[in-house]
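This report concerns only the one structure given below.
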Amino acid sequence: MTANPDALAMLGALVMEDGRRWGDVAESWQWDLARWFFDPEDEPNRWESRPRGGSKTTDVAGLACVALLTTLPPGSRGYAMAVDRDQAALIAEAAAGFVARTPALAAGLTVLASRIDARSGSVLEIMAADAASAWGLRPAIAVCDEFAQWPNTRNAKGLWQAITSAMGKVRGAKLLITTTSGDPAHWTRTIYDAARSSAAWSVQDVPGPVRWVGSDFLREQRAMLPESVYRRLHLNEWAAAEDRLTNLTDVRACATVPGALDPVPGYQYVVALDIGVTNDRTVAAVMHSERQSDDDERFVVQRHVLDRMEVWTGTARRPVDLSAVEEWIATTTRVYGARLVVDPWQAKGMIQRLRSRGVQVREFLFSQQSAGRLAMTLHTTIRDHRLAIPDDADLIDELVNVRLRETAPNVYRLDHDSDAHDDRAVCLGMALVELTAAPPMARPFFYDEDEWNATKVAQAQTFGTLPKPVIPIGGRAFGAPQGAGMPESVTRDEWPDDDAPPPGATKRSPFA
C-alpha cells in the first residue's frame with residue numbers, strides 16, 4: 001500500500017507564512033517523512049532528526065492537521081508532546097497559522113491553546129514532556145517533539161513509557177519522534193540506538209546545516225556557541241558537552257565486572273561512604289586495586305575494581321536511616337577486611353562508634369584541593385580505562401552526565417545538573433583517591449624490651465654506631481604490664497648514664 005494520496009495533496013496545499021504552498025518548498029526529506037506518516041503499512045515508529053531550522057515544528061503541525069481531516073477515524077485521539085510548555089505553544093501557533101491561511105482546513109478544524117479539534121470528533125492534544133501523567137491513553141498518532149532535549153526527570157521518562165506502551169492499543173497507530181541530535185549521555189540516545197537496529201522503526205537523520213540558513217549567520221553561531229552545541233544544533237550531530245567528566249564510550253569500556261564481587265585474600269579493600277540524608281542519596285562503595293600483567297608476567301598497569309555499591313535514597317518525609325548504613329559499614333568492613341574513608345560532615349557520631357568497634361576510619365575533608373584531586377583522579381582513571389565497574393545502568397548514566405567544572409585556573413570539581421545526581425561519582429572518587437594517593441593504614445606494632453633492643457642494634461649496625469640499651473621506664477597504660485607502658489613522670493633530674501652533660505647542655509649525637 002502507498003501513502004494516502006488525498007492526505008499528501010492536502011499537505012502540499014498548506015499555505016506557508018510567505019504565501020507559498022508547503023508542497024512547492026518542501027525538500028525531498030520532508031516528503032519522505034510525509035509518505036511514511038500517511039502510509040498505514042509502513043513502519044509504526046519513526047525517528048526523524050533534523051538540524052536547527054529544519055521545519056520540525058511546522059511539519060508536525062501540518063501533518064497533524066491533515067491527519068485529523070483525512071486519515072484518522074472519527075473520534076480518534078492524537079498527542080503531540082513538546083519539550084516544555086513554550087515549545088508546545090509553538091506547535092499550536094503553527095497549526096493555527098495553517099488553519100488561518102488555508103481555506104481547506106478552516107472549515108474542519110478549531111485550534112485552541114493546548115488542542116486541535118476536528119469536526120469529526122477527533123482531537124490532537126498538545127502537552128509538555130513534564131506532564132504529570134499520561135497513562136491510560138489510546139493514541140492513534142503520537143508525536144514527541146525535540147525528543148533529545150526532553151528533561152532528565154521522572155515525569156519525562158514516565159511520559160515516554162506511557163506513550164510507547166500505549167501504541168499497540170490502536171490498530172495502525174503511528175509514533176513520530178522529531179528532534180535535533182543531542183548529547184550522547186542523554187537517556188534518549190539509547191532509544192535512538194535501539195531504533196536504528198529495529199525493524200519496527202524508520203530512521204532518517206538529515207545532515208546540517210539546511211540550505212536556507214545563511215553562511216554569515218552560521219559563522220556567527222560557530223564563534224559564539226560551544227563547539228558541541230554548534231554541532232548538535234546546526235550540524236545535527238550527537239556531541240558531548242565540553243565540561244562532561246567523561247563520555248559513554250570510555251565508561252562502557254570500563255564496564256567489565258560481572259556483578260558484586262566477594263572478598264579475595266591478598267587484596268586490600270577500601271570502603272568509601274558519601275552521606276546524604278534528605279532529598280539525596282547515601283552511597284557506599286567497596287573497591288580494591290590489582291595489577292594487570294602481560295604474558296611474560298611483567299607489571300603493565302594498575303586497575304581499580306568496584307566490588308560492591310550500596311545506595312540508600314532519602315526524602316524529606318523518610319530520611320536515610322543512618323543506623324542501617326552504620327550496620328552495613330561495620331559488617332562490610334569486617335567481611336572485606338577494609339578500611340573506611342568518609343566525609344565527616346554528617347558522620348561524626350558514626351565515625352566514633354565505628355572506631356570503637358574496631359573499624360579503621362580515614363576522614364576525607366572536602367576542600368578546593370581535595371575536591372579537585374577527587375575529580376581529576378576519577379576523570380583520568382575512566383579515561384585510561386583503569387576503572388572496572390559492573391554494567392549498571394544507573395551508575396553509567398550518572399557517570400556520563402556528571403560535569404567537570406573549573407572553579408579556579410586548573411582546579412576542577414564534580415558538579416551535576418539540577419535534575420541529576422553525582423553521589424555515586426563522588427563516592428567512587430573518594431575510594432580512588434584513597435587507593436591511589438594514601439598509603440594503607442598499618443596496624444600498630446607492640447614491642448617488648450628485648451625486641452626493641454634488638455631493633456636498635458640492627459639500626460646501629462646499619463649506621464655504624466651502637467646506642468646503649470633502652471632502660472625500662474616504670475608506668476602502666478592501656479593494660480600493658482609493668483615496665484612497658486607510659487612513664488610515671490615526664491621530667492627527670494639526671495641522665496641515665498655516667499657521661500650525662502650538665503643541666504641545660506645538649507648531648508652530642510653519635511651520628512655527628
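Here's how to read the names in the C-alpha cells: chain A, B, ... by the order shown, residue numbers from 1 in each chain, ligand numbers from 1 in the order shown.
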
Taking the backbone alone, and naming residues the way the document does, which bits of segment 48-250 of chain A are helix (DSSP H, G or I) by DSSP, as a PyMOL selection string?
-> chain A and resi 56-69+85-101+103-106+147-149+154-169+188-196+215-224+227-234+248-250

Using C-alpha atoms, can you export the residues from the last selection as an mmCIF file, in the first residue's frame?
```cif
data_model
loop_
_atom_site.group_PDB
_atom_site.id
_atom_site.type_symbol
_atom_site.label_atom_id
_atom_site.label_comp_id
_atom_site.auth_asym_id
_atom_site.auth_seq_id
_atom_site.Cartn_x
_atom_site.Cartn_y
_atom_site.Cartn_z
ATOM 1 C CA LYS A 56 10.356 20.259 12.566
ATOM 2 C CA THR A 57 7.623 22.090 14.476
ATOM 3 C CA THR A 58 5.979 23.410 11.324
ATOM 4 C CA ASP A 59 5.861 19.984 9.707
ATOM 5 C CA VAL A 60 4.492 18.371 12.878
ATOM 6 C CA ALA A 61 1.645 20.901 12.933
ATOM 7 C CA GLY A 62 0.892 20.380 9.234
ATOM 8 C CA LEU A 63 0.940 16.590 9.452
ATOM 9 C CA ALA A 64 -1.360 16.627 12.497
ATOM 10 C CA CYS A 65 -3.896 18.976 10.869
ATOM 11 C CA VAL A 66 -4.079 16.894 7.712
ATOM 12 C CA ALA A 67 -4.342 13.602 9.631
ATOM 13 C CA LEU A 68 -7.271 14.910 11.687
ATOM 14 C CA LEU A 69 -9.174 15.650 8.450
ATOM 15 C CA ARG A 85 5.116 24.431 27.557
ATOM 16 C CA ASP A 86 6.732 27.094 25.376
ATOM 17 C CA GLN A 87 7.522 24.540 22.672
ATOM 18 C CA ALA A 88 4.002 23.124 22.965
ATOM 19 C CA ALA A 89 2.651 26.624 22.355
ATOM 20 C CA LEU A 90 4.730 26.826 19.155
ATOM 21 C CA ILE A 91 3.047 23.693 17.800
ATOM 22 C CA ALA A 92 -0.377 25.198 18.482
ATOM 23 C CA GLU A 93 0.665 28.507 16.873
ATOM 24 C CA ALA A 94 1.950 26.739 13.756
ATOM 25 C CA ALA A 95 -1.321 24.791 13.444
ATOM 26 C CA ALA A 96 -3.379 27.958 13.940
ATOM 27 C CA GLY A 97 -1.367 29.657 11.194
ATOM 28 C CA PHE A 98 -2.075 26.848 8.717
ATOM 29 C CA VAL A 99 -5.796 26.913 9.561
ATOM 30 C CA ALA A 100 -5.975 30.695 9.159
ATOM 31 C CA ARG A 101 -4.155 30.714 5.802
ATOM 32 C CA PRO A 103 -9.329 27.514 3.434
ATOM 33 C CA ALA A 104 -9.428 23.718 3.195
ATOM 34 C CA LEU A 105 -8.590 23.497 6.906
ATOM 35 C CA ALA A 106 -10.634 26.375 8.275
ATOM 36 C CA PHE A 147 12.883 14.495 21.993
ATOM 37 C CA ALA A 148 16.651 14.632 22.654
ATOM 38 C CA GLN A 149 16.085 17.826 24.663
ATOM 39 C CA ARG A 154 10.908 11.053 36.254
ATOM 40 C CA ASN A 155 7.883 12.711 34.654
ATOM 41 C CA ALA A 156 9.505 12.949 31.221
ATOM 42 C CA LYS A 157 10.692 9.346 31.297
ATOM 43 C CA GLY A 158 7.311 8.246 32.623
ATOM 44 C CA LEU A 159 5.542 10.052 29.780
ATOM 45 C CA TRP A 160 7.732 8.274 27.244
ATOM 46 C CA GLN A 161 6.997 4.906 28.851
ATOM 47 C CA ALA A 162 3.274 5.632 28.929
ATOM 48 C CA ILE A 163 3.175 6.622 25.264
ATOM 49 C CA THR A 164 5.268 3.760 23.914
ATOM 50 C CA SER A 165 3.382 1.146 25.915
ATOM 51 C CA ALA A 166 0.060 2.528 24.623
ATOM 52 C CA MET A 167 0.905 2.499 20.914
ATOM 53 C CA GLY A 168 -0.317 -1.070 20.440
ATOM 54 C CA LYS A 169 -3.842 -0.256 21.626
ATOM 55 C CA THR A 188 17.216 9.298 24.662
ATOM 56 C CA ARG A 189 20.437 8.131 22.976
ATOM 57 C CA THR A 190 19.753 4.526 23.976
ATOM 58 C CA ILE A 191 16.332 4.797 22.302
ATOM 59 C CA TYR A 192 17.937 6.161 19.146
ATOM 60 C CA ASP A 193 20.465 3.305 19.076
ATOM 61 C CA ALA A 194 17.692 0.749 19.546
ATOM 62 C CA ALA A 195 15.597 2.341 16.779
ATOM 63 C CA ARG A 196 18.457 2.093 14.278
ATOM 64 C CA SER A 215 26.587 31.370 5.885
ATOM 65 C CA ASP A 216 27.065 34.657 7.788
ATOM 66 C CA PHE A 217 24.640 33.519 10.461
ATOM 67 C CA LEU A 218 26.425 30.158 10.753
ATOM 68 C CA ARG A 219 29.825 31.827 11.135
ATOM 69 C CA GLU A 220 28.436 33.978 13.925
ATOM 70 C CA GLN A 221 26.878 30.960 15.604
ATOM 71 C CA ARG A 222 30.115 28.991 15.441
ATOM 72 C CA ALA A 223 32.017 31.867 17.017
ATOM 73 C CA MET A 224 29.504 32.329 19.834
ATOM 74 C CA GLU A 227 31.628 23.516 19.634
ATOM 75 C CA SER A 228 29.411 20.728 20.967
ATOM 76 C CA VAL A 229 26.313 22.947 20.893
ATOM 77 C CA TYR A 230 27.044 24.113 17.354
ATOM 78 C CA ARG A 231 27.467 20.533 16.168
ATOM 79 C CA ARG A 232 24.201 19.447 17.762
ATOM 80 C CA LEU A 233 22.068 22.370 16.638
ATOM 81 C CA HIS A 234 23.379 23.180 13.170
ATOM 82 C CA LEU A 248 29.791 6.970 27.122
ATOM 83 C CA THR A 249 32.448 5.126 25.114
ATOM 84 C CA ASP A 250 35.039 5.298 27.882
#
```

Mind checking which residues fall within 8 Å of segment 399-407 of chain A, counting only C-alpha atoms, ignoring those fewer than 3 positions away in the same chain, and posting them as an NGL selection string?
-> :A and (185-186 or 243-248 or 251 or 375 or 395-396 or 410-417 or 420-422 or 424-425)

Select from segment 99-225 of chain A everything DSSP, run on the backbone, classes as strand (DSSP E or B), then give the selection as a ChimeraX atom specification.
-> /A:109-111,115-118,123-128,141-145,174-179,201-205

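Distances here use only C-alpha atoms; by that measure, the residue among A:Leu261, A:Val143, A:Val426, A:Val83 closest to Phe366 of chain A is A:Val426.
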
Near segment 343-354 of chain A, 8 Å: segment 255-334 of chain A residue rows, closest pairs, only C-alpha atoms, as a Markdown table:
```
| residue | atom | partner | partner_atom | distance |
| --- | --- | --- | --- | --- |
| A:Leu273 | CA | A:Asp343 | CA | 7.2 |
| A:Asp274 | CA | A:Asp343 | CA | 6.4 |
| A:Ile275 | CA | A:Gln346 | CA | 6.9 |
| A:Glu326 | CA | A:Met350 | CA | 6.7 |
| A:Ala330 | CA | A:Leu354 | CA | 6.7 |
```

What's the 7 Å shell around Gln360 of chain A, counting only C-alpha atoms, without same-chain residues fewer than 5 positions away, as a tab-separated table (two decimals) with C-alpha atoms, in the first residue's frame?
```
chain	number	residue	atom	x	y	z
A	339	ARG	CA	39.28	0.44	55.98
A	340	LEU	CA	36.68	3.20	55.70
A	355	ARG	CA	36.14	3.25	65.57
```

Skip Tyr269 of chain A itself and residues of its chain fewer than 5 positions away, then list as a VMD selection string all residues within 6 Å of it, counting only C-alpha atoms.
-> chain A and resid 287 to 288 338

What would the file look like if the residues just selected were written as a PDB file, in the first residue's frame with C-alpha atoms?
```
ATOM      1  CA  MET A 287      36.896  -1.120  45.959  1.00  0.00           C
ATOM      2  CA  HIS A 288      40.332  -2.665  45.607  1.00  0.00           C
ATOM      3  CA  ALA A 338      38.556  -2.999  54.643  1.00  0.00           C
TER       4      ALA A 338
END
```

Contacts between segment 14-27 of chain A and segment 170-285 of chain A, please, where a residue of segment 170-285 of chain A counts if it comes within 12 Å (with only C-alpha atoms); show its shortest atom pair and distance in Å to one decimal, rows by chain and ascending number, as a Markdown table.
```
| residue | atom | partner | partner_atom | distance |
| --- | --- | --- | --- | --- |
| A:Val206 | CA | A:Glu27 | CA | 10.8 |
| A:Val210 | CA | A:Glu27 | CA | 10.0 |
| A:Arg211 | CA | A:Glu27 | CA | 10.0 |
| A:Trp212 | CA | A:Val25 | CA | 10.9 |
```

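Here the question is which of A:Thr380, A:Pro263, A:Arg362, A:Arg373 gets nearest to Val335 of chain A using only C-alpha atoms, and that residue is A:Pro263.
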
What is the atom CA of Thr180 of chain A to atom CA of Leu225 of chain A distance in Å?
-> 15.9 Å

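The space separating atom CA of Ala142 of chain A from atom CA of Glu125 of chain A comes to 9.5 Å.
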